[in-house]
>>> print(open('data22.txt').read())   # compact mmCIF, C-alpha atoms
# COMPACT_ATOMS: atom_id res chain seq x y z
CA LYS A 131 0.65 12.63 47.52
CA ILE A 132 2.29 15.57 49.17
CA ALA A 133 3.97 14.47 52.40
CA PHE A 134 3.97 17.12 55.10
CA SER A 135 7.48 18.25 56.09
CA LEU A 136 8.42 19.40 59.58
CA THR A 137 11.78 20.90 58.64
CA ALA A 138 10.40 24.44 58.24
CA LEU A 139 8.37 24.02 61.39
CA ALA A 140 11.43 23.00 63.41
CA LEU A 141 13.29 26.08 62.18
CA GLY A 142 10.30 28.25 63.00
CA LEU A 143 10.14 26.83 66.49
CA ALA A 144 13.81 27.54 67.05
CA ALA A 145 13.29 31.14 66.01
CA MET A 146 9.98 31.79 67.74
CA THR A 147 10.04 29.80 70.98
CA ALA A 148 11.62 31.84 73.74
CA GLN A 149 11.09 29.34 76.52
CA ALA A 150 11.55 25.86 75.05
CA GLN A 151 9.70 23.09 76.77
CA GLU A 152 10.72 19.48 77.09
CA ARG A 153 7.82 18.31 74.92
CA ILE A 154 6.29 20.31 72.10
CA ARG A 155 2.90 19.31 70.76
CA VAL A 156 2.17 19.87 67.08
CA GLY A 157 -1.45 19.90 66.04
CA PHE A 158 -2.66 17.86 63.08
CA MET A 159 -6.04 17.98 61.36
CA SER A 160 -7.16 16.08 58.28
CA PRO A 161 -9.81 13.50 57.37
CA VAL A 162 -8.58 10.20 58.82
CA THR A 163 -11.99 8.53 58.62
CA GLY A 164 -14.66 8.67 55.93
CA PRO A 165 -14.39 8.70 52.12
CA GLN A 166 -11.26 10.89 52.05
CA ALA A 167 -9.46 9.05 54.83
CA ALA A 168 -6.74 7.76 52.50
CA ASN A 169 -5.50 11.30 51.94
CA GLY A 170 -5.59 12.22 55.61
CA VAL A 171 -3.93 9.00 56.72
CA ASP A 172 -1.11 9.51 54.22
CA ASN A 173 -0.54 13.03 55.56
CA ARG A 174 -0.76 11.86 59.16
CA ASP A 175 1.77 9.11 58.56
CA GLY A 176 4.06 11.57 56.78
CA VAL A 177 4.03 13.87 59.81
CA LEU A 178 4.59 10.97 62.21
CA LEU A 179 7.57 9.80 60.16
CA ALA A 180 9.01 13.31 60.07
CA ILE A 181 8.59 13.66 63.83
CA LYS A 182 10.28 10.30 64.39
CA GLU A 183 13.24 11.34 62.25
CA ILE A 184 13.55 14.77 63.87
CA ASN A 185 13.30 13.36 67.38
CA ALA A 186 15.99 10.83 66.53
CA LYS A 187 18.36 13.71 65.70
CA GLY A 188 18.02 15.23 69.14
CA VAL A 189 16.72 18.71 68.32
CA LYS A 190 17.51 21.50 70.77
CA ILE A 191 15.64 24.77 71.13
CA GLY A 192 17.16 27.51 73.23
CA GLY A 193 19.88 25.06 74.20
CA LYS A 194 17.40 22.60 75.70
CA PRO A 195 16.58 19.18 74.19
CA VAL A 196 12.97 18.87 73.03
CA VAL A 197 10.72 16.08 71.82
CA PHE A 198 7.91 16.65 69.32
CA GLU A 199 4.52 15.00 69.79
CA LEU A 200 1.60 14.96 67.36
CA ASP A 201 -1.91 15.89 68.48
CA ILE A 202 -4.02 14.05 65.84
CA ASN A 203 -7.51 15.32 65.02
CA ASP A 204 -9.96 13.91 62.49
CA ASP A 205 -11.93 16.68 60.76
CA GLY A 206 -13.75 14.28 58.42
CA ALA A 207 -13.33 16.81 55.58
CA ASP A 208 -16.19 18.71 57.23
CA PRO A 209 -15.90 22.51 57.62
CA LYS A 210 -17.96 22.66 60.83
CA GLN A 211 -15.93 19.89 62.40
CA GLY A 212 -12.76 21.65 61.29
CA VAL A 213 -13.75 24.87 63.06
CA GLN A 214 -14.46 22.92 66.26
CA ILE A 215 -11.05 21.24 66.07
CA ALA A 216 -9.35 24.57 65.43
CA GLN A 217 -10.97 25.96 68.58
CA SER A 218 -9.94 22.84 70.51
CA LEU A 219 -6.32 23.23 69.39
CA SER A 220 -6.44 26.85 70.49
CA ASP A 221 -7.82 25.86 73.87
CA LYS A 222 -4.94 23.40 74.26
CA LYS A 223 -2.50 26.26 73.68
CA ILE A 224 -1.01 24.47 70.67
CA LYS A 225 0.85 26.95 68.51
CA PHE A 226 1.72 24.94 65.40
CA VAL A 227 -0.68 23.00 63.17
CA MET A 228 -0.14 20.76 60.15
CA GLY A 229 -3.27 20.83 58.00
CA PRO A 230 -6.09 20.99 57.22
CA TYR A 231 -6.05 18.98 53.99
CA ASN A 232 -9.25 20.29 52.39
CA SER A 233 -9.66 23.85 51.15
CA GLY A 234 -13.27 23.90 52.35
CA VAL A 235 -12.11 23.09 55.88
CA THR A 236 -9.05 25.31 55.82
CA MET A 237 -10.82 28.58 55.02
CA PRO A 238 -13.17 28.70 58.04
CA ALA A 239 -10.73 26.94 60.40
CA ALA A 240 -7.93 29.34 59.46
CA ARG A 241 -9.86 32.25 60.94
CA VAL A 242 -9.94 30.58 64.35
CA LEU A 243 -6.31 29.51 64.13
CA ASN A 244 -5.23 32.99 63.06
CA ASP A 245 -7.10 34.63 65.94
CA SER A 246 -5.16 32.34 68.28
CA ASP A 247 -1.81 33.21 66.66
CA ILE A 248 -1.25 29.60 65.54
CA VAL A 249 1.23 28.86 62.75
CA VAL A 250 -0.44 26.73 60.06
CA LEU A 251 1.21 24.69 57.28
CA THR A 252 -1.37 23.37 54.82
CA VAL A 253 -1.53 21.72 51.40
CA ALA A 254 -5.05 23.07 50.79
CA SER A 255 -4.86 24.55 47.30
CA ASN A 256 -7.67 27.07 46.82
CA PRO A 257 -5.99 30.42 46.02
CA LYS A 258 -8.35 32.29 48.37
CA ILE A 259 -6.67 30.64 51.35
CA THR A 260 -3.49 32.65 51.09
CA GLU A 261 -5.39 35.71 49.91
CA MET A 262 -7.05 36.03 53.33
CA GLY A 263 -3.94 37.80 54.57
CA TYR A 264 -3.13 35.64 57.58
CA ASN A 265 0.55 36.10 58.38
CA ASN A 266 0.93 32.73 60.11
CA LEU A 267 -0.69 30.60 57.39
CA PHE A 268 1.54 28.98 54.76
CA ARG A 269 0.68 26.78 51.78
CA ILE A 270 3.37 24.14 51.17
CA GLY A 271 2.05 22.95 47.81
CA ALA A 272 0.87 24.43 44.53
CA SER A 273 -2.39 26.39 44.37
CA ASP A 274 -5.36 25.63 42.14
CA ASN A 275 -4.47 28.46 39.76
CA GLN A 276 -1.12 26.78 39.15
CA LEU A 277 -2.52 23.26 38.87
CA GLY A 278 -5.65 24.13 36.87
CA THR A 279 -3.72 26.36 34.50
CA LYS A 280 -1.01 23.77 33.88
CA MET A 281 -3.59 21.02 33.32
CA ALA A 282 -5.42 23.14 30.73
CA THR A 283 -2.14 24.02 29.01
CA TYR A 284 -1.16 20.35 28.86
CA ALA A 285 -4.60 19.41 27.53
CA ALA A 286 -4.49 22.03 24.78
CA GLN A 287 -0.85 21.85 23.74
CA ASP A 288 0.11 18.24 24.39
CA LEU A 289 -3.17 16.33 24.16
CA LYS A 290 -4.40 18.63 21.36
CA ILE A 291 -7.97 18.68 22.62
CA LYS A 292 -10.37 21.13 20.98
CA THR A 293 -13.44 20.66 23.18
CA VAL A 294 -13.85 19.81 26.85
CA ALA A 295 -16.62 19.07 29.33
CA VAL A 296 -15.93 20.28 32.88
CA ILE A 297 -17.37 18.74 36.06
CA ASP A 298 -16.76 19.89 39.63
CA ASP A 299 -17.87 18.53 42.99
CA ARG A 300 -18.85 21.93 44.45
CA THR A 301 -16.15 21.81 47.12
CA ALA A 302 -13.79 24.76 47.51
CA TYR A 303 -11.05 22.63 45.98
CA GLY A 304 -13.11 21.15 43.14
CA GLN A 305 -14.67 24.43 42.10
CA GLY A 306 -11.36 26.25 42.34
CA VAL A 307 -9.33 23.91 40.18
CA ALA A 308 -12.18 23.52 37.66
CA ARG A 309 -12.53 27.30 37.36
CA GLU A 310 -8.81 27.80 36.75
CA PHE A 311 -8.78 24.96 34.22
CA THR A 312 -11.78 26.44 32.39
CA GLU A 313 -10.37 29.96 32.20
CA GLN A 314 -7.02 28.81 30.86
CA ALA A 315 -8.62 26.38 28.41
CA LYS A 316 -10.69 29.21 26.95
CA ARG A 317 -7.61 31.44 26.68
CA LEU A 318 -5.93 28.70 24.65
CA GLY A 319 -8.89 28.33 22.29
CA VAL A 320 -10.38 25.17 23.78
CA LYS A 321 -14.17 25.25 23.68
CA VAL A 322 -15.99 24.30 26.88
CA VAL A 323 -19.00 22.43 25.53
CA ALA A 324 -20.49 21.36 28.87
CA ALA A 325 -20.20 22.54 32.47
CA GLU A 326 -21.76 20.28 35.09
CA PHE A 327 -21.50 19.84 38.83
CA THR A 328 -22.11 17.14 41.41
CA THR A 329 -21.33 16.91 45.14
CA ASP A 330 -18.63 15.33 47.26
CA LYS A 331 -21.25 12.89 48.58
CA ALA A 332 -22.64 11.69 45.24
CA THR A 333 -22.56 8.09 44.01
CA ASP A 334 -24.95 8.31 41.04
CA PHE A 335 -23.95 10.63 38.21
CA SER A 336 -26.69 9.75 35.72
CA SER A 337 -28.20 13.25 35.92
CA ILE A 338 -25.11 14.82 34.31
CA LEU A 339 -24.01 11.97 32.05
CA THR A 340 -26.62 12.69 29.39
CA ASN A 341 -25.27 16.19 28.76
CA ILE A 342 -21.66 15.03 28.91
CA ARG A 343 -22.33 12.30 26.35
CA ALA A 344 -24.29 14.66 24.10
CA SER A 345 -21.47 17.22 24.16
CA LYS A 346 -19.12 14.79 22.35
CA ALA A 347 -16.21 16.52 24.08
CA ASP A 348 -12.65 15.44 23.33
CA ALA A 349 -11.92 15.42 27.08
CA VAL A 350 -13.67 15.54 30.44
CA PHE A 351 -12.01 17.49 33.25
CA TYR A 352 -13.13 16.63 36.77
CA GLY A 353 -12.43 18.93 39.71
CA GLY A 354 -12.87 16.93 42.88
CA TYR A 355 -11.73 14.02 45.00
CA SER A 356 -11.16 10.34 44.20
CA PRO A 357 -14.14 8.88 46.16
CA GLN A 358 -16.39 10.46 43.52
CA GLY A 359 -13.85 10.52 40.71
CA GLY A 360 -13.61 6.74 40.48
CA PRO A 361 -17.34 6.00 40.22
CA LEU A 362 -17.79 9.00 37.91
CA LEU A 363 -15.15 7.67 35.53
CA LYS A 364 -16.71 4.19 35.60
CA GLN A 365 -20.16 5.56 34.80
CA LEU A 366 -18.75 7.69 32.01
CA ARG A 367 -17.15 4.66 30.40
CA ASP A 368 -20.21 2.47 30.99
CA GLY A 369 -22.28 5.20 29.35
CA GLY A 370 -20.16 5.16 26.24
CA VAL A 371 -18.12 8.31 26.87
CA LYS A 372 -14.65 7.62 25.49
CA ALA A 373 -13.24 11.12 25.97
CA ILE A 374 -9.91 11.61 27.73
CA PHE A 375 -10.50 11.83 31.47
CA ALA A 376 -8.35 14.44 33.22
CA THR A 377 -8.34 15.44 36.86
CA GLY A 378 -6.20 17.04 39.57
CA ASP A 379 -4.30 15.94 42.64
CA GLY A 380 -7.48 15.45 44.67
CA SER A 381 -7.95 12.25 42.68
CA LEU A 382 -4.34 11.08 42.85
CA ASP A 383 -5.23 8.04 44.92
CA PRO A 384 -5.75 4.28 44.39
CA GLN A 385 -9.44 4.94 45.06
CA LEU A 386 -9.70 6.37 41.56
CA ILE A 387 -8.65 3.00 40.12
CA SER A 388 -10.65 0.87 42.55
CA GLY A 389 -13.74 3.02 42.03
CA ALA A 390 -13.50 3.09 38.24
CA GLY A 391 -11.98 -0.32 37.62
CA ALA A 392 -8.57 -0.80 36.05
CA ALA A 393 -9.89 -0.88 32.49
CA ALA A 394 -11.85 2.38 32.85
CA ALA A 395 -8.98 4.11 34.67
CA GLU A 396 -6.46 3.22 31.96
CA GLY A 397 -5.28 6.39 30.24
CA ALA A 398 -6.62 8.84 32.82
CA VAL A 399 -4.49 11.99 33.11
CA ILE A 400 -3.81 13.20 36.65
CA GLY A 401 -2.02 16.44 37.41
CA CYS A 402 -0.14 16.73 40.69
CA PRO A 403 2.30 19.35 42.07
CA CYS A 404 4.51 16.58 43.42
CA ASN A 405 7.20 14.14 42.36
CA ILE A 406 5.27 12.34 39.62
CA THR A 407 7.98 9.69 39.24
CA ASP A 408 7.39 8.56 42.82
CA ALA A 409 3.65 9.10 42.71
CA GLY A 410 3.13 7.35 39.41
CA ALA A 411 0.88 10.07 38.02
CA ALA A 412 0.62 11.04 34.41
>>> encode(input="data22.txt", output="structure tokens")
Amino acid sequence: KIAFSLTALALGLAAMTAQAQERIRVGFMSPVTGPQAANGVDNRDGVLLAIKEINAKGVKIGGKPVVFELDINDDGADPKQGVQIAQSLSDKKIKFVMGPYNSGVTMPAARVLNDSDIVVLTVASNPKITEMGYNNLFRIGASDNQLGTKMATYAAQDLKIKTVAVIDDRTAYGQGVAREFTEQAKRLGVKVVAAEFTTDKATDFSSILTNIRASKADAVFYGGYSPQGGPLLKQLRDGGVKAIFATGDGSLDPQLISGAGAAAAEGAVIGCPCNITDAGAA
């Protein structure tokens, strides 16, 4: 997991806030309920911990002591809900936002936040996010082109795979990382023998398993989140697919193991632009 950091935000506040107030509210938006709640809750708790530590240090802005408070908003990983929250944060005159988590939420919400001159720090990884040209939007993690490219390079050069089947969940994140993986894999001579897609609401993957099994790929790359990644991996193994299962940071969560079962999850390769020693990812 990538834990949100408030250090840069505190420095930005010091530089940008002319009239410091006693209490400064920081907006937060991520999925804290629903299938992806584990990711949002982790990020929320990371921000709360950072705020607690910063407040304990007695930060001053413009020579006046200030206290940070977090305005928590649950976007449910839903783009429409994210836009509504972005407008609500604007209406509250909040000027600094941590989030959103999902690329599909970040892209439409960022337009509203940008129009309101709100500084945004996000871990959303689709490259298009920072290509929109918003001066106050900053990605604090790796993008999909970095992650997808590195995963394909690792698969080709370290795992020595020759053929791969690619699945994405049709989210902005899943499609983005799968596309970057596919393009790099092809550049390195890996043959993409199947390209399938599902959704971020799916629970039954039987409609794509037949083609995946028939492809006899050396590896399966999944672009998407752990609520679908776990059941997908289980159904692959139950269906006799023994190929290496590789995925990105959207599936770096215990849900992948609980959804697949420990035996099926054994040997899965997860790429993450984070401290893999702490995260326990391969």
>>> closest_atom_pairs(input="data22.txt", of="region 306-349 of chain A", to="region 376-381 of chain A", cutoff="12 Å", atoms="all atoms listed in the file", output="tab-separated table")
residue	atom	partner	partner_atom	distance
A:Gly306	CA	A:Gly378	CA	10.9
A:Val307	CA	A:Gly378	CA	7.6
A:Ala308	CA	A:Thr377	CA	9.0
A:Glu310	CA	A:Gly378	CA	11.4
A:Phe311	CA	A:Thr377	CA	9.9
A:Asp330	CA	A:Gly380	CA	11.4
A:Asp348	CA	A:Ala376	CA	10.8
A:Ala349	CA	A:Ala376	CA	7.2
>>> residues_near_point(input="data22.txt", point="(-4.0, 11.7, 35.1)", cutoff="10 Å", atoms="all atoms listed in the file", output="mmCIF file with C-alpha atoms, in the frame of the given file")
data_model
loop_
_atom_site.group_PDB
_atom_site.id
_atom_site.type_symbol
_atom_site.label_atom_id
_atom_site.label_comp_id
_atom_site.auth_asym_id
_atom_site.auth_seq_id
_atom_site.Cartn_x
_atom_site.Cartn_y
_atom_site.Cartn_z
ATOM 1 C CA MET A 281 -3.590 21.020 33.320
ATOM 2 C CA ILE A 374 -9.910 11.610 27.730
ATOM 3 C CA PHE A 375 -10.500 11.830 31.470
ATOM 4 C CA ALA A 376 -8.350 14.440 33.220
ATOM 5 C CA THR A 377 -8.340 15.440 36.860
ATOM 6 C CA GLY A 378 -6.200 17.040 39.570
ATOM 7 C CA ASP A 379 -4.300 15.940 42.640
ATOM 8 C CA SER A 381 -7.950 12.250 42.680
ATOM 9 C CA LEU A 382 -4.340 11.080 42.850
ATOM 10 C CA ALA A 395 -8.980 4.110 34.670
ATOM 11 C CA GLU A 396 -6.460 3.220 31.960
ATOM 12 C CA GLY A 397 -5.280 6.390 30.240
ATOM 13 C CA ALA A 398 -6.620 8.840 32.820
ATOM 14 C CA VAL A 399 -4.490 11.990 33.110
ATOM 15 C CA ILE A 400 -3.810 13.200 36.650
ATOM 16 C CA GLY A 401 -2.020 16.440 37.410
ATOM 17 C CA CYS A 402 -0.140 16.730 40.690
ATOM 18 C CA GLY A 410 3.130 7.350 39.410
ATOM 19 C CA ALA A 411 0.880 10.070 38.020
ATOM 20 C CA ALA A 412 0.620 11.040 34.410
#
>>> closest_atom_pairs(input="data22.txt", of="region 237-328 of chain A", to="region 337-343 of chain A", cutoff="8 Å", atoms="only C-alpha atoms", output="tab-separated table")
residue	atom	partner	partner_atom	distance
A:Ala295	CA	A:Ile342	CA	6.5
A:Ala324	CA	A:Ile342	CA	6.4
A:Glu326	CA	A:Ile338	CA	6.5
A:Phe327	CA	A:Ile338	CA	7.7
>>> write_last_selection(input="data22.txt", atoms="C-alpha atoms", output="short mmCIF file (atom, residue, chain, number, x, y, z; two decimals), in the frame of the given file")
data_model
loop_
_atom_site.label_atom_id
_atom_site.label_comp_id
_atom_site.auth_asym_id
_atom_site.auth_seq_id
_atom_site.Cartn_x
_atom_site.Cartn_y
_atom_site.Cartn_z
CA ALA A 295 -16.62 19.07 29.33
CA ALA A 324 -20.49 21.36 28.87
CA GLU A 326 -21.76 20.28 35.09
CA PHE A 327 -21.50 19.84 38.83
#
>>> residues_around(input="data22.txt", residues="Lys222 (chain A)", least_positions_apart="6", cutoff="10 Å", atoms="all atoms listed in the file", output="count of residues only")
4
>>> closest_residue(input="data22.txt", among="A:Val171, A:Leu363, A:Ala373, A:Leu277", to="Gly206 (chain A)", atoms="only C-alpha atoms")
A:Val171
>>> atom_distance(input="data22.txt", atom1="CA of Met237 (chain A)", atom2="CA of Lys258 (chain A)")
8.0 Å
>>> closest_residue(input="data22.txt", among="A:Arg300, A:Lys187, A:Lys292, A:Arg309", to="Asn275 (chain A)", atoms="all atoms listed in the file")
A:Arg309
>>> residues_around(input="data22.txt", residues="Asn266 (chain A)", least_positions_apart="3", cutoff="9 Å", atoms="all atoms listed in the file", output="ChimeraX atom specification")
/A:243-244,247-251,263
>>> atom_distance(input="data22.txt", atom1="CA of Ala347 (chain A)", atom2="CA of Ser233 (chain A)")
28.8 Å
>>> atom_distance(input="data22.txt", atom1="CA of Asp175 (chain A)", atom2="CA of Val253 (chain A)")
14.9 Å
>>> closest_residue(input="data22.txt", among="A:Ser246, A:Thr283, A:Thr260, A:Asn185", to="Ser218 (chain A)", atoms="all atoms listed in the file")
A:Ser246
>>> residues_around(input="data22.txt", residues="Thr163 (chain A)", least_positions_apart="4", cutoff="10 Å", atoms="only C-alpha atoms", output="JSON list (two decimals) with C-alpha atoms, keeping the file's coordinate frame")
[["chain", "number", "residue", "atom", "x", "y", "z"],
["A", 167, "ALA", "CA", -9.46, 9.05, 54.83],
["A", 168, "ALA", "CA", -6.74, 7.76, 52.50],
["A", 169, "ASN", "CA", -5.50, 11.30, 51.94],
["A", 170, "GLY", "CA", -5.59, 12.22, 55.61],
["A", 171, "VAL", "CA", -3.93, 9.00, 56.72],
["A", 204, "ASP", "CA", -9.96, 13.91, 62.49],
["A", 205, "ASP", "CA", -11.93, 16.68, 60.76],
["A", 206, "GLY", "CA", -13.75, 14.28, 58.42],
["A", 207, "ALA", "CA", -13.33, 16.81, 55.58]]
>>> decode(input="data22.txt", residues="region 292-303 of chain A", atoms="all heavy atoms", output="CSV table (one decimal), in the first residue's frame")
chain,number,residue,atom,x,y,z
A,292,LYS,N,7.1,-16.6,-22.6
A,292,LYS,CA,7.1,-16.4,-24.1
A,292,LYS,C,5.7,-16.0,-24.5
A,292,LYS,O,5.5,-15.4,-25.6
A,292,LYS,CB,7.5,-17.7,-24.8
A,292,LYS,CG,8.9,-18.2,-24.4
A,292,LYS,CD,10.0,-17.2,-24.7
A,292,LYS,CE,11.4,-17.7,-24.4
A,292,LYS,NZ,12.4,-16.6,-24.7
A,293,THR,N,4.6,-16.5,-23.8
A,293,THR,CA,3.3,-16.1,-24.2
A,293,THR,C,2.5,-15.7,-22.9
A,293,THR,O,2.7,-16.1,-21.8
A,293,THR,CB,2.5,-17.3,-24.8
A,293,THR,OG1,2.6,-18.4,-23.8
A,293,THR,CG2,3.2,-17.8,-26.1
A,294,VAL,N,1.5,-14.8,-23.2
A,294,VAL,CA,0.8,-14.2,-22.0
A,294,VAL,C,-0.7,-14.0,-22.5
A,294,VAL,O,-0.9,-13.6,-23.6
A,294,VAL,CB,1.4,-12.9,-21.5
A,294,VAL,CG1,1.4,-11.8,-22.6
A,294,VAL,CG2,0.7,-12.5,-20.2
A,295,ALA,N,-1.6,-14.2,-21.5
A,295,ALA,CA,-3.0,-13.8,-21.7
A,295,ALA,C,-3.2,-12.6,-20.8
A,295,ALA,O,-2.8,-12.6,-19.7
A,295,ALA,CB,-3.9,-15.0,-21.3
A,296,VAL,N,-3.9,-11.6,-21.3
A,296,VAL,CA,-4.1,-10.3,-20.6
A,296,VAL,C,-5.6,-10.1,-20.3
A,296,VAL,O,-6.4,-10.3,-21.2
A,296,VAL,CB,-3.5,-9.1,-21.4
A,296,VAL,CG1,-3.8,-7.8,-20.6
A,296,VAL,CG2,-2.0,-9.3,-21.6
A,297,ILE,N,-5.9,-9.8,-19.1
A,297,ILE,CA,-7.3,-9.6,-18.7
A,297,ILE,C,-7.3,-8.2,-18.0
A,297,ILE,O,-6.5,-7.9,-17.2
A,297,ILE,CB,-7.8,-10.6,-17.7
A,297,ILE,CG1,-7.6,-12.0,-18.3
A,297,ILE,CG2,-9.3,-10.4,-17.3
A,297,ILE,CD1,-7.9,-13.1,-17.2
A,298,ASP,N,-8.3,-7.4,-18.3
A,298,ASP,CA,-8.5,-6.1,-17.6
A,298,ASP,C,-10.0,-6.0,-17.1
A,298,ASP,O,-10.8,-6.6,-17.7
A,298,ASP,CB,-8.0,-4.9,-18.4
A,298,ASP,CG,-9.0,-4.5,-19.4
A,298,ASP,OD1,-10.1,-3.9,-19.1
A,298,ASP,OD2,-8.7,-4.7,-20.6
A,299,ASP,N,-10.2,-5.1,-16.1
A,299,ASP,CA,-11.5,-5.0,-15.5
A,299,ASP,C,-12.3,-3.8,-16.1
A,299,ASP,O,-13.3,-3.4,-15.6
A,299,ASP,CB,-11.4,-4.9,-14.0
A,299,ASP,CG,-10.8,-3.6,-13.5
A,299,ASP,OD1,-10.2,-2.8,-14.4
A,299,ASP,OD2,-10.8,-3.4,-12.3
A,300,ARG,N,-11.8,-3.2,-17.1
A,300,ARG,CA,-12.4,-2.1,-17.8
A,300,ARG,C,-12.5,-0.8,-17.0
A,300,ARG,O,-13.2,0.1,-17.4
A,300,ARG,CB,-13.8,-2.5,-18.3
A,300,ARG,CG,-13.8,-3.2,-19.7
A,300,ARG,CD,-13.0,-2.4,-20.7
A,300,ARG,NE,-13.2,-3.0,-22.1
A,300,ARG,CZ,-12.2,-3.6,-22.7
A,300,ARG,NH1,-11.1,-3.9,-22.1
A,300,ARG,NH2,-12.4,-4.0,-23.9
A,301,THR,N,-11.8,-0.7,-15.9
A,301,THR,CA,-11.7,0.5,-15.2
A,301,THR,C,-10.5,1.3,-15.8
A,301,THR,O,-9.7,0.8,-16.5
A,301,THR,CB,-11.4,0.3,-13.7
A,301,THR,OG1,-10.1,-0.3,-13.5
A,301,THR,CG2,-12.5,-0.5,-13.0
A,302,ALA,N,-10.5,2.6,-15.5
A,302,ALA,CA,-9.4,3.4,-16.0
A,302,ALA,C,-8.0,2.9,-15.6
A,302,ALA,O,-7.0,2.9,-16.3
A,302,ALA,CB,-9.5,4.9,-15.6
A,303,TYR,N,-8.0,2.4,-14.3
A,303,TYR,CA,-6.7,1.8,-13.8
A,303,TYR,C,-6.4,0.5,-14.5
A,303,TYR,O,-5.3,0.3,-15.0
A,303,TYR,CB,-6.8,1.6,-12.3
A,303,TYR,CG,-5.8,0.6,-11.8
A,303,TYR,CD1,-4.4,1.0,-11.7
A,303,TYR,CD2,-6.1,-0.7,-11.4
A,303,TYR,CE1,-3.5,0.1,-11.3
A,303,TYR,CE2,-5.1,-1.6,-11.0
A,303,TYR,CZ,-3.8,-1.2,-10.9
A,303,TYR,OH,-2.9,-2.1,-10.5
